[in-house]
Each structure stands twice: as C-alpha cells, then as structure tokens.
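Here is data-v9.csv, consisting of CSV, C-alpha atoms and all ligand atoms:
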chain,number,residue,atom,x,y,z
F,86,MET,CA,27.4,-110.5,-70.4
F,87,LYS,CA,30.9,-111.2,-69.3
F,88,GLN,CA,33.2,-110.1,-66.5
F,89,SER,CA,36.8,-109.2,-67.5
F,90,LEU,CA,39.8,-107.1,-66.7
F,91,CYS,CA,40.1,-104.4,-69.3
F,92,THR,CA,43.2,-102.2,-69.9
F,93,ILE,CA,42.7,-98.5,-69.8
F,94,ILE,CA,43.9,-96.8,-73.0
F,95,ASN,CA,42.9,-93.2,-72.2
F,96,ASN,CA,41.5,-91.3,-69.2
F,97,ILE,CA,41.0,-87.6,-69.8
F,98,GLU,CA,39.0,-84.8,-68.1
F,99,ILE,CA,37.1,-83.6,-71.1
F,100,MET,CA,34.9,-81.2,-69.2
F,101,PRO,CA,35.3,-79.9,-65.6
F,102,GLY,CA,34.7,-82.8,-63.3
F,103,VAL,CA,33.8,-85.1,-66.3
F,104,HIS,CA,36.1,-87.9,-67.4
F,105,LEU,CA,36.2,-89.9,-70.6
F,106,ILE,CA,37.8,-93.3,-70.0
F,107,SER,CA,38.5,-95.7,-72.9
F,108,PHE,CA,39.5,-99.3,-72.4
F,109,GLU,CA,40.1,-102.4,-74.4
F,110,SER,CA,37.2,-104.7,-74.7
F,111,PRO,CA,36.8,-106.4,-78.1
F,112,TYR,CA,33.9,-108.5,-76.5
F,113,ILE,CA,31.8,-105.5,-75.4
F,114,ALA,CA,32.6,-103.4,-78.4
F,115,ALA,CA,31.4,-106.2,-80.7
F,116,ILE,CA,28.0,-106.9,-79.0
F,117,ALA,CA,27.0,-103.7,-77.1
F,118,GLN,CA,24.0,-101.8,-78.3
F,119,PRO,CA,23.2,-98.1,-77.5
F,120,GLY,CA,21.5,-97.7,-74.2
F,121,GLN,CA,23.2,-100.7,-72.6
F,122,PHE,CA,25.6,-100.2,-69.6
F,123,ILE,CA,28.5,-101.8,-67.8
F,124,THR,CA,29.4,-102.0,-64.2
F,125,ILE,CA,32.8,-101.3,-62.8
F,126,ASP,CA,34.4,-102.5,-59.5
F,127,CYS,CA,35.7,-99.3,-58.1
F,128,ASN,CA,38.2,-100.7,-55.7
F,129,ASP,CA,37.1,-100.5,-52.0
F,130,VAL,CA,33.6,-99.2,-52.9
F,131,LEU,CA,31.1,-101.8,-51.9
F,132,LEU,CA,28.9,-102.1,-55.0
F,133,ARG,CA,30.0,-102.1,-58.6
F,134,ARG,CA,29.1,-98.7,-60.2
F,135,PRO,CA,26.9,-98.6,-63.4
F,136,PHE,CA,27.8,-96.5,-66.4
F,137,SER,CA,26.2,-96.2,-69.9
F,138,ILE,CA,28.3,-97.2,-72.8
F,139,HIS,CA,29.3,-93.9,-74.4
F,140,LYS,CA,31.2,-95.2,-77.5
F,141,ALA,CA,32.2,-98.6,-78.8
F,142,ASN,CA,34.2,-99.5,-81.8
F,143,SER,CA,37.4,-101.2,-83.0
F,144,GLY,CA,37.7,-103.3,-79.9
F,145,GLN,CA,37.5,-100.3,-77.6
F,146,VAL,CA,34.8,-99.0,-75.3
F,147,SER,CA,34.4,-95.6,-73.6
F,148,ILE,CA,32.4,-94.3,-70.7
F,149,LEU,CA,31.8,-90.6,-69.9
F,150,PHE,CA,31.2,-89.9,-66.2
F,151,GLN,CA,30.9,-87.2,-63.7
F,152,THR,CA,32.8,-87.4,-60.4
F,153,VAL,CA,30.1,-87.4,-57.7
F,154,GLY,CA,31.4,-89.7,-54.9
F,155,LYS,CA,34.0,-92.2,-53.8
F,156,GLY,CA,33.7,-94.7,-56.8
F,157,THR,CA,33.8,-92.1,-59.5
F,158,ALA,CA,36.7,-90.2,-57.7
F,159,TRP,CA,38.7,-93.4,-57.7
F,160,LEU,CA,37.9,-94.0,-61.4
F,161,SER,CA,38.9,-90.5,-62.4
F,162,LYS,CA,42.4,-91.1,-61.0
F,163,GLN,CA,43.1,-94.4,-62.9
F,164,LYS,CA,46.1,-94.3,-65.3
F,165,ASN,CA,46.6,-95.6,-68.8
F,166,GLY,CA,47.6,-99.2,-68.6
F,167,ASN,CA,45.7,-99.9,-65.3
F,168,LYS,CA,43.1,-102.7,-65.5
F,169,LEU,CA,39.4,-102.2,-64.7
F,170,ASN,CA,37.2,-105.0,-63.6
F,171,ILE,CA,34.2,-104.6,-66.0
F,172,LEU,CA,30.9,-106.5,-66.2
F,173,GLY,CA,28.8,-106.1,-69.3
F,174,PRO,CA,27.1,-105.3,-71.6
F,175,LEU,CA,24.0,-105.2,-69.3
F,176,GLY,CA,20.4,-104.1,-69.7
F,177,ARG,CA,18.1,-103.4,-72.6
F,178,ALA,CA,19.1,-101.1,-75.5
F,179,PHE,CA,17.2,-98.3,-77.2
F,180,ASN,CA,14.9,-99.6,-79.9
F,181,VAL,CA,15.2,-97.7,-83.1
F,182,ASN,CA,12.2,-98.5,-85.3
F,183,THR,CA,13.2,-99.6,-88.8
F,184,LYS,CA,10.6,-97.2,-90.3
F,185,SER,CA,12.0,-94.1,-88.4
F,186,LYS,CA,14.0,-91.6,-90.4
F,187,HIS,CA,14.2,-88.6,-88.1
F,188,LEU,CA,15.5,-89.1,-84.5
F,189,LEU,CA,15.3,-86.5,-81.8
F,190,LEU,CA,17.8,-87.0,-79.0
F,191,ILE,CA,17.5,-85.0,-75.8
F,192,GLY,CA,20.5,-85.0,-73.3
F,193,GLY,CA,20.5,-83.3,-69.9
F,194,GLY,CA,24.0,-82.8,-68.4
F,195,ILE,CA,25.9,-86.1,-68.2
F,196,GLY,CA,22.9,-87.7,-69.8
F,197,ILE,CA,24.6,-87.0,-73.1
F,198,ALA,CA,26.7,-90.2,-72.4
F,199,PRO,CA,24.5,-92.9,-74.0
F,200,LEU,CA,23.2,-90.6,-76.7
F,201,ILE,CA,26.6,-90.3,-78.4
F,202,PHE,CA,26.7,-94.1,-78.8
F,203,LEU,CA,23.2,-93.9,-80.3
F,204,ILE,CA,24.4,-91.3,-82.8
F,205,GLN,CA,27.4,-93.3,-83.6
F,206,ARG,CA,25.3,-96.3,-84.5
F,207,THR,CA,22.4,-94.6,-86.3
F,208,LEU,CA,23.8,-91.6,-88.2
F,209,SER,CA,24.6,-93.4,-91.4
F,210,GLU,CA,20.9,-94.3,-91.8
F,211,HIS,CA,19.0,-91.5,-90.0
F,212,LEU,CA,18.7,-87.8,-89.7
F,213,ILE,CA,19.4,-86.7,-86.2
F,214,THR,CA,18.7,-83.6,-84.0
F,215,LEU,CA,20.7,-83.7,-80.7
F,216,VAL,CA,19.6,-81.2,-78.0
F,217,HIS,CA,22.1,-81.0,-75.2
F,218,GLY,CA,21.3,-78.9,-72.1
F,219,ALA,CA,24.0,-78.1,-69.5
F,220,ASN,CA,24.5,-75.7,-66.7
F,221,THR,CA,27.1,-73.7,-68.5
F,222,ALA,CA,29.2,-73.6,-71.7
F,223,SER,CA,32.1,-75.6,-70.3
F,224,LEU,CA,29.8,-78.5,-69.6
F,225,LEU,CA,28.5,-78.8,-73.1
F,226,TYR,CA,29.7,-82.0,-74.8
F,227,PRO,CA,32.7,-81.2,-77.0
F,228,LEU,CA,31.5,-82.3,-80.4
F,229,SER,CA,35.0,-82.4,-81.7
F,230,SER,CA,35.3,-85.7,-79.8
F,231,LEU,CA,32.7,-87.3,-81.9
F,232,LYS,CA,34.8,-89.7,-84.0
F,233,PHE,CA,33.2,-92.2,-86.3
F,234,HIS,CA,35.0,-95.2,-87.6
F,235,ASN,CA,32.5,-96.1,-90.3
F,236,SER,CA,34.1,-94.8,-93.5
F,237,LYS,CA,31.2,-92.6,-94.6
F,238,GLU,CA,31.0,-91.0,-91.2
F,239,LYS,CA,34.8,-90.6,-91.0
F,240,GLN,CA,34.7,-88.8,-94.4
F,241,ARG,CA,32.0,-86.4,-93.2
F,242,TYR,CA,34.0,-85.7,-90.0
F,243,GLU,CA,37.2,-85.1,-92.0
F,244,ASN,CA,35.4,-82.8,-94.4
F,245,ASN,CA,34.5,-80.8,-91.4
F,246,SER,CA,30.8,-81.3,-91.9
F,247,TYR,CA,30.6,-81.9,-88.2
F,248,PRO,CA,29.7,-80.3,-85.9
F,249,LEU,CA,26.7,-78.0,-85.6
F,250,ILE,CA,24.3,-78.0,-88.6
F,251,ASP,CA,24.5,-80.1,-91.7
F,252,SER,CA,21.9,-81.9,-93.6
F,253,LYS,CA,22.0,-85.1,-91.5
F,254,PHE,CA,23.0,-83.9,-88.0
F,255,HIS,CA,21.7,-80.9,-86.2
F,256,TYR,CA,23.1,-79.9,-82.8
F,257,ILE,CA,21.2,-77.5,-80.5
F,258,SER,CA,22.9,-76.4,-77.3
F,259,VAL,CA,21.2,-74.9,-74.3
F,260,THR,CA,22.7,-73.6,-71.1
F,261,ASN,CA,21.0,-72.6,-67.9
F,262,ASP,CA,23.2,-69.5,-67.6
F,263,GLY,CA,23.0,-68.6,-71.3
F,264,SER,CA,26.8,-68.7,-71.7
F,265,SER,CA,26.3,-70.7,-75.0
F,266,GLY,CA,23.5,-71.6,-77.3
F,267,TYR,CA,19.9,-70.9,-76.0
F,268,LYS,CA,19.4,-69.8,-72.4
F,269,GLY,CA,17.2,-72.3,-70.5
F,270,VAL,CA,16.8,-76.0,-70.3
F,271,ALA,CA,16.9,-78.7,-73.1
F,272,THR,CA,13.2,-79.2,-73.1
F,273,ASP,CA,12.5,-75.5,-73.8
F,274,VAL,CA,13.7,-76.0,-77.4
F,275,ILE,CA,12.4,-79.3,-78.5
F,276,THR,CA,9.0,-78.3,-79.9
F,277,ASP,CA,10.0,-77.6,-83.5
F,278,SER,CA,12.2,-80.8,-83.7
F,279,LEU,CA,9.3,-82.8,-82.2
F,280,ASN,CA,7.1,-81.9,-85.2
F,281,TRP,CA,9.8,-83.4,-87.4
F,282,ALA,CA,10.9,-86.4,-85.4
F,283,ASP,CA,9.7,-90.0,-85.8
F,284,GLN,CA,11.1,-91.1,-82.5
F,285,VAL,CA,12.4,-89.4,-79.4
F,286,PHE,CA,15.2,-90.6,-77.1
F,287,ALA,CA,16.4,-89.0,-73.9
F,288,CYS,CA,18.8,-89.3,-71.0
F,289,GLY,CA,19.0,-86.9,-68.2
F,290,PRO,CA,18.1,-86.3,-64.5
F,291,THR,CA,14.6,-87.2,-63.3
F,292,GLY,CA,13.7,-83.5,-63.3
F,293,MET,CA,14.1,-83.4,-67.1
F,294,TYR,CA,11.6,-86.3,-67.5
F,295,ILE,CA,9.1,-84.6,-65.2
F,296,THR,CA,9.5,-81.4,-67.3
F,297,MET,CA,8.7,-83.5,-70.4
F,298,LEU,CA,5.5,-84.7,-68.7
F,299,LYS,CA,4.6,-81.0,-68.0
F,300,LEU,CA,5.3,-80.2,-71.6
F,301,ILE,CA,2.8,-82.8,-72.6
F,302,GLU,CA,0.2,-81.3,-70.3
F,303,ASN,CA,0.9,-77.9,-71.8
F,304,ILE,CA,0.4,-79.2,-75.3
F,305,GLN,CA,-2.9,-80.9,-74.2
F,306,PHE,CA,-4.1,-77.8,-72.4
F,307,SER,CA,-3.5,-75.3,-75.1
F,308,ASN,CA,-4.8,-77.6,-77.9
F,309,PRO,CA,-7.9,-79.5,-76.7
F,310,ASN,CA,-8.3,-82.9,-78.3
F,311,THR,CA,-10.2,-82.3,-81.6
F,312,GLU,CA,-9.7,-83.9,-85.0
F,313,SER,CA,-8.2,-80.7,-86.3
F,314,ASN,CA,-5.2,-80.8,-84.0
F,315,LYS,CA,-4.1,-84.4,-84.7
F,316,TYR,CA,-0.8,-82.8,-85.3
F,317,HIS,CA,-0.5,-81.9,-81.6
F,318,GLN,CA,-1.8,-85.4,-80.6
F,319,ASP,CA,1.0,-86.9,-82.7
F,320,ASN,CA,3.6,-84.8,-80.7
F,321,ILE,CA,2.0,-85.9,-77.4
F,322,GLU,CA,2.2,-89.5,-78.5
F,323,LYS,CA,5.9,-89.1,-79.5
F,324,LEU,CA,6.8,-87.7,-76.1
F,325,TYR,CA,4.8,-90.3,-74.2
F,326,LYS,CA,6.7,-93.0,-76.2
F,327,CYS,CA,10.1,-91.3,-75.7
F,328,GLN,CA,12.6,-93.9,-74.8
F,329,LEU,CA,14.7,-92.8,-71.8
F,330,SER,CA,17.5,-94.1,-69.8
F,331,LEU,CA,16.6,-94.3,-66.1
F,332,GLU,CA,19.7,-93.9,-63.9
F,333,VAL,CA,18.5,-94.9,-60.5
F,334,ARG,CA,20.7,-96.2,-57.7
F,335,MET,CA,21.6,-99.8,-58.5
F,336,GLY,CA,22.7,-102.8,-56.4
F,337,CYS,CA,23.9,-105.9,-58.2
F,338,GLY,CA,23.2,-104.7,-61.8
F,339,ILE,CA,22.3,-108.2,-62.9
F,340,GLY,CA,18.8,-108.7,-61.5
F,341,THR,CA,19.4,-110.7,-58.3
F,342,CYS,CA,19.1,-108.1,-55.5
F,343,TYR,CA,15.9,-106.2,-56.6
F,344,GLY,CA,17.7,-103.0,-55.3
F,345,CYS,CA,16.7,-101.0,-58.4
F,346,SER,CA,13.1,-102.1,-58.7
F,347,ILE,CA,10.6,-99.5,-59.8
F,348,ASN,CA,6.8,-99.5,-60.2
F,349,THR,CA,5.5,-99.2,-63.7
F,350,LYS,CA,2.1,-99.4,-65.4
F,351,ASN,CA,3.1,-103.0,-66.2
F,352,GLY,CA,4.0,-103.9,-62.6
F,353,MET,CA,7.4,-103.9,-60.8
F,354,LYS,CA,10.4,-103.8,-63.1
F,355,LYS,CA,14.1,-104.1,-62.4
F,356,VAL,CA,15.9,-101.2,-64.0
F,357,CYS,CA,19.1,-103.3,-64.5
F,358,LEU,CA,17.3,-106.1,-66.4
F,359,ASP,CA,14.1,-104.7,-67.7
F,360,GLY,CA,15.7,-101.2,-68.3
F,361,PRO,CA,17.5,-99.0,-68.1
F,362,ILE,CA,15.5,-98.0,-71.2
F,363,PHE,CA,11.8,-97.4,-70.6
F,364,GLU,CA,9.1,-95.4,-72.3
F,365,LEU,CA,8.2,-92.1,-70.5
F,366,ASP,CA,4.6,-93.1,-70.0
F,367,GLN,CA,5.4,-96.6,-68.6
F,368,ILE,CA,6.9,-95.2,-65.4
F,369,LEU,CA,4.9,-94.3,-62.3
F,370,TRP,CA,6.8,-91.1,-61.7
F,371,ASP,CA,5.2,-90.1,-58.4
F,372,GLU,CA,6.6,-93.3,-56.9
F,373,ILE,CA,10.1,-92.7,-58.3
F,374,LEU,CA,10.2,-89.3,-56.7
F,375,ILE,CA,9.2,-90.6,-53.2
V,401,LIG,C1,22.1,-97.5,-65.9
V,401,LIG,C2,22.9,-96.4,-65.3
V,401,LIG,C3,23.8,-95.7,-66.2
V,401,LIG,C4,24.6,-94.7,-65.7
V,401,LIG,N1,25.4,-94.0,-66.6
V,401,LIG,C5,26.1,-93.0,-66.1
V,401,LIG,C6,27.0,-92.4,-67.0
V,401,LIG,O1,27.1,-92.7,-68.2
V,401,LIG,N2,27.8,-91.3,-66.5
V,401,LIG,C7,27.7,-91.0,-65.2
V,401,LIG,O2,28.4,-90.0,-64.8
V,401,LIG,N3,26.9,-91.6,-64.3
V,401,LIG,C8,26.1,-92.6,-64.8
V,401,LIG,N4,25.3,-93.3,-63.9
V,401,LIG,C9,25.3,-92.8,-62.5
V,401,LIG,C10,26.5,-93.4,-61.8
V,401,LIG,O3,26.3,-94.8,-61.7
V,401,LIG,C11,26.7,-92.9,-60.4
V,401,LIG,O4,27.0,-91.5,-60.5
V,401,LIG,C12,27.8,-93.6,-59.7
V,401,LIG,O5,27.4,-94.9,-59.4
V,401,LIG,C13,28.2,-92.8,-58.4
V,401,LIG,O6,29.1,-93.6,-57.7
V,401,LIG,P1,30.0,-92.9,-56.6
V,401,LIG,O7,30.6,-94.0,-55.7
V,401,LIG,O8,31.0,-92.0,-57.2
V,401,LIG,O9,29.0,-92.0,-55.8
V,401,LIG,P2,28.2,-92.4,-54.4
V,401,LIG,O10,29.1,-92.1,-53.3
V,401,LIG,O11,27.5,-93.7,-54.6
V,401,LIG,O12,27.1,-91.2,-54.5
V,401,LIG,C14,27.5,-89.8,-54.6
V,401,LIG,C15,26.3,-89.0,-55.0
V,401,LIG,O13,25.8,-89.4,-56.3
V,401,LIG,C16,24.5,-89.8,-56.3
V,401,LIG,N5,24.2,-90.9,-57.1
V,401,LIG,C17,24.8,-92.2,-57.0
V,401,LIG,N6,24.4,-93.0,-57.9
V,401,LIG,C18,23.5,-92.4,-58.6
V,401,LIG,C19,22.6,-92.7,-59.7
V,401,LIG,N7,22.6,-93.9,-60.2
V,401,LIG,N8,21.9,-91.8,-60.3
V,401,LIG,C20,21.9,-90.5,-59.7
V,401,LIG,N9,22.6,-90.1,-58.7
V,401,LIG,C21,23.4,-91.0,-58.1
V,401,LIG,C22,24.2,-90.1,-54.8
V,401,LIG,O14,22.8,-89.9,-54.5
V,401,LIG,C23,25.1,-89.2,-54.1
V,401,LIG,O15,24.5,-87.9,-53.9
V,401,LIG,C24,24.5,-94.3,-64.3
V,401,LIG,C25,23.6,-95.0,-63.5
V,401,LIG,C26,22.9,-96.0,-64.0
V,401,LIG,C27,21.9,-96.8,-63.1
Take the structure in the file and give it back as structure tokens.
Ligand SMILES: Cc1cc2nc3c(=O)[nH]c(=O)nc-3n(C[C@H](O)[C@H](O)[C@H](O)COP(=O)(O)OP(=O)(O)OC[C@H]3O[C@@H](n4cnc5c(N)ncnc54)[C@H](O)[C@@H]3O)c2cc1C
Amino acid sequence: MKQSLCTIINNIEIMPGVHLISFESPYIAAIAQPGQFITIDCNDVLLRRPFSIHKANSGQVSILFQTVGKGTAWLSKQKNGNKLNILGPLGRAFNVNTKSKHLLLIGGGIGIAPLIFLIQRTLSEHLITLVHGANTASLLYPLSSLKFHNSKEKQRYENNSYPLIDSKFHYISVTNDGSSGYKGVATDVITDSLNWADQVFACGPTGMYITMLKLIENIQFSNPNTESNKYHQDNIEKLYKCQLSLEVRMGCGIGTCYGCSINTKNGMKKVCLDGPIFELDQILWDEILI
C-alpha cells in the first residue's frame, strides 16, 4: 500500500451518472488484484472515499463510480491532467481456486466495477458467465469498453468475438424495467449458470445478497435434503461460498478506526482489512441491516 499523487488520463461519463476515471499508477497497476480497492482524497470531504479497482494494466488504473454525494460529485468533475491523492491497493482480493474452470460473476448496478477487473485477469484461463443487472438499459455496462491488453484477449476483442456470447465469455443482461435483456433482477437468471459454475463471485447492493440467501432457502425448500438431490446441495454450497465485495461505509480504510467493523460467524471483522471480500455465509446479515 502506498499513497501517491496520480495524474488523471481520462474521465468520462460512460453511463448516466456513472464515471470512468483512469489515472497513471504503475505501482498499483503492477500489484493490484481483483477485489482490492483504493481510497481517494476528494478535496474538502472529510474522509477518503473507497472505490474498487475496475481495471489495471500498462501502468494505468481505472475506477468506475456512481455520483451519489459530495465526494463523488467532486471526482466526476476532475479534468485530464489533474492529480488525485490515491492510497492503495487495499483490502483482500477475490480468491480464484486453481482447480476452478467455470466462473459465474453476478453484478448488481455499479457492483459491476470490480467484476470487470476479475474478468480481465481470469479470462485467458477460465470460462466466464457474467450476469449484470441494472435498473434500465442505459445503466448496463457497455461491453465495448472491455479492452484487454493480454495479446490473446486483444485478438479475441479485435476479431469481434466480444461481446455477448462466445465459447469463453457469456454475458447475460437483466433490467428491472425490461428495456434490455431479461426483465427482473440479476439473481432471477443465475440458476442455469449455477449448475455449470465451479465458483461464484458477486458485487452489488446488500439487497442483492439477501436475495441470494432467499434463493438458497427456495432451493432447500423445493428440494429436501436427500442423497438423490446432491446436485441441488452443490448449488447451495456454491452460493453459500460465493465471494462478494461488501461496500459498507468506511472510515480510515486501513484498519485503524474500526469504523467499518461487521459481525461475522468468525467474530468481528474490519471490512477494509479483512474484506471487502467475504463469503456469503460468513456474514451475519441481520446485523448488517440494522
Ligand atoms: C470497498 C468499497 C468499494 C467501493 N467501490 C465502489 C465502486 O467501485 N464504485 C462506486 O460507485 N462506489 C463504490 N463504493 C461506494 C463509494 O465509496 C461511495 O459511494 C462513496 O464513498 C460516496 O461518497 P460521497 O461523498 O459521494 O457520498 P456521501 O455524501 O458520503 O454519501 C451519499 C450517499 O451515498 C451513500 N453511501 C456512501 N458510501 C456508501 C457505501 N460505501 N456504500 C453504499 N452507500 C454509500 C450514503 O448512504 C448516502 O446516501 C465502494 C465502497 C467500498 C467500501
């Protein structure tokens, strides 16, 4: 982890109210892992604001963020050439098991941010299904902005084998209003992919994680635990072990203030140090909601 002033290379509004900022940081680009985050000093806002690393390569790092308050409003107005005070990379990364081939990624809204970095780092060795749920079509992540610098990936991109469906990468879009893809929420369409997946990764609002827990209950309820439905038990286990990024309000971001502590089955954990990646069944969700 290092604090440095990083020059902005690009700041564009790629979806309504959602900005993609890229800045120079050879240090972070070299060592960051998918799931980790940075914090940014947003001018006169008291605490540094945390953002997942969205992309990192060739000495450049990007974040994807939604304007929700004072800090993100300030950030959205920064111009190319301005310097950002960045601290990172911070936190624990997603853990992709070396034996896993098939990865299911579930993004809710702006939760797509860290999943793109995970795709960027795993696509050459894995088969991936990405489910992205958004309120409406204009808030679905523009897959044309997926650019890969690894030569194999670059070739696939240039050959137009992105986006949508090819043999290695399958993209399923879902919108609440039905304006694109399936109508509903991301978790409505994951059952088939769950059968196929070796591991599940997610990032989205707390409500999405609660829906995943309800989905587990539904699978359990409609398929009582017998030897013959081991298949369903496997899916339940995969969902329980889903690695998710927990985006709670954060104080210092480096483990000193305890501001982001949560209660888990393994005791109190600091989201900034012990997370932000946790397994779904580790977290005591009732206490998060209070
Ligand atoms: C580890 C981590 C990674 C994150 N990654 C991203 C990301 O990649 N892209 C992105 O857009 N946002 C991300 N966030 C959330 C982001 O940090 C907040 O949106 C940001 O700090 C808001 O700052 P603000 O000053 O603009 O808003 P504030 O004035 O602080 O708050 C405005 C509104 O946003 C809500 N809010 C503030 N912080 C959070 C939060 N952490 N989670 C949920 N709601 C919040 C507040 O409740 C309030 O309603 C992440 C948060 C964490 C902890």
Show which residues sit within 9 Å of F:Gly266, as a count of residues only. Count all atoms listed in the file, and ignore same-chain residues fewer than 6 positions away. 5
Please list, as a count of residues only, the residues that have an atom at most 12 Å away from (14.3, -94.0, -73.4) in the coordinates of this file, counting only C-alpha atoms. 43
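Atom pair atom CA of F:Leu132 / atom CA of F:Glu98: separated by 23.9 Å.
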Atomic distance atom O11 of ligand LIG 401 (chain V) - atom CA of F:Ala115, expressed in Å with one decimal: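 Interatomic distance here is 29.2 Å.
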Could you give me the residues within 7 Å of ligand LIG 401 (chain V), counting only C-alpha atoms and all ligand atoms, as a PyMOL selection string? chain F and resi 122+130+134-139+148-158+195-196+198-199+330-335+357+361
What is the atom CA of F:Ile304-atom CA of F:Ala219 distance in Å, reported with one decimal?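 These two atoms are separated by 24.3 Å.
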Applying 8 Å and all atoms listed in the file, which residues near F:Cys337 remain after dropping the ones on its own chain fewer than 5 positions away? List them as a ChimeraX atom specification. /F:132-133,342,344
Could those residues be written to a file, using C-alpha atoms, as a CSV table (one decimal), in the frame of the given file?
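Result file again.csv:
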chain,number,residue,atom,x,y,z
F,132,LEU,CA,28.9,-102.1,-55.0
F,133,ARG,CA,30.0,-102.1,-58.6
F,342,CYS,CA,19.1,-108.1,-55.5
F,344,GLY,CA,17.7,-103.0,-55.3
With only C-alpha atoms as the basis for distance, which of F:Asn220, F:Ser346, F:Asn170, F:Ser161 is at the shortest distance from F:Ile99? F:Ser161
Rank F:Ile171, F:Ala141, F:Ile94, F:Leu225 by their smallest atom-to-atom distance to F:Ala114, using only C-alpha atoms, and report the top residue only.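 Comparing F:Ile171, F:Ala141, F:Ile94, F:Leu225 against F:Ala114, the winner is F:Ala141.
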Using only C-alpha atoms, which of F:Ile97, F:Leu90, F:Ile197, F:Ile113 sits nearest F:Ile125?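 Closest residue, counting only C-alpha atoms: F:Leu90.
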May I ask which of the residues F:Leu358, F:Leu224, F:Leu279, F:Ile301 is the closest one to F:Ser264, counting all atoms listed in the file?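 For F:Ser264, the nearest of the candidates is F:Leu224.
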Which is closer to F:His255 than all the others in F:Ser89, F:Thr214, F:Asn280, F:Thr272, using only C-alpha atoms?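 With only C-alpha atoms as the atom set, the closest residue is F:Thr214.
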Proximity to F:Lys350 - best of F:Asp129, F:Glu372, F:Gln118, F:Gly336, only C-alpha atoms: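 Ranking F:Asp129, F:Glu372, F:Gln118, F:Gly336 by distance to F:Lys350, first place goes to F:Glu372.
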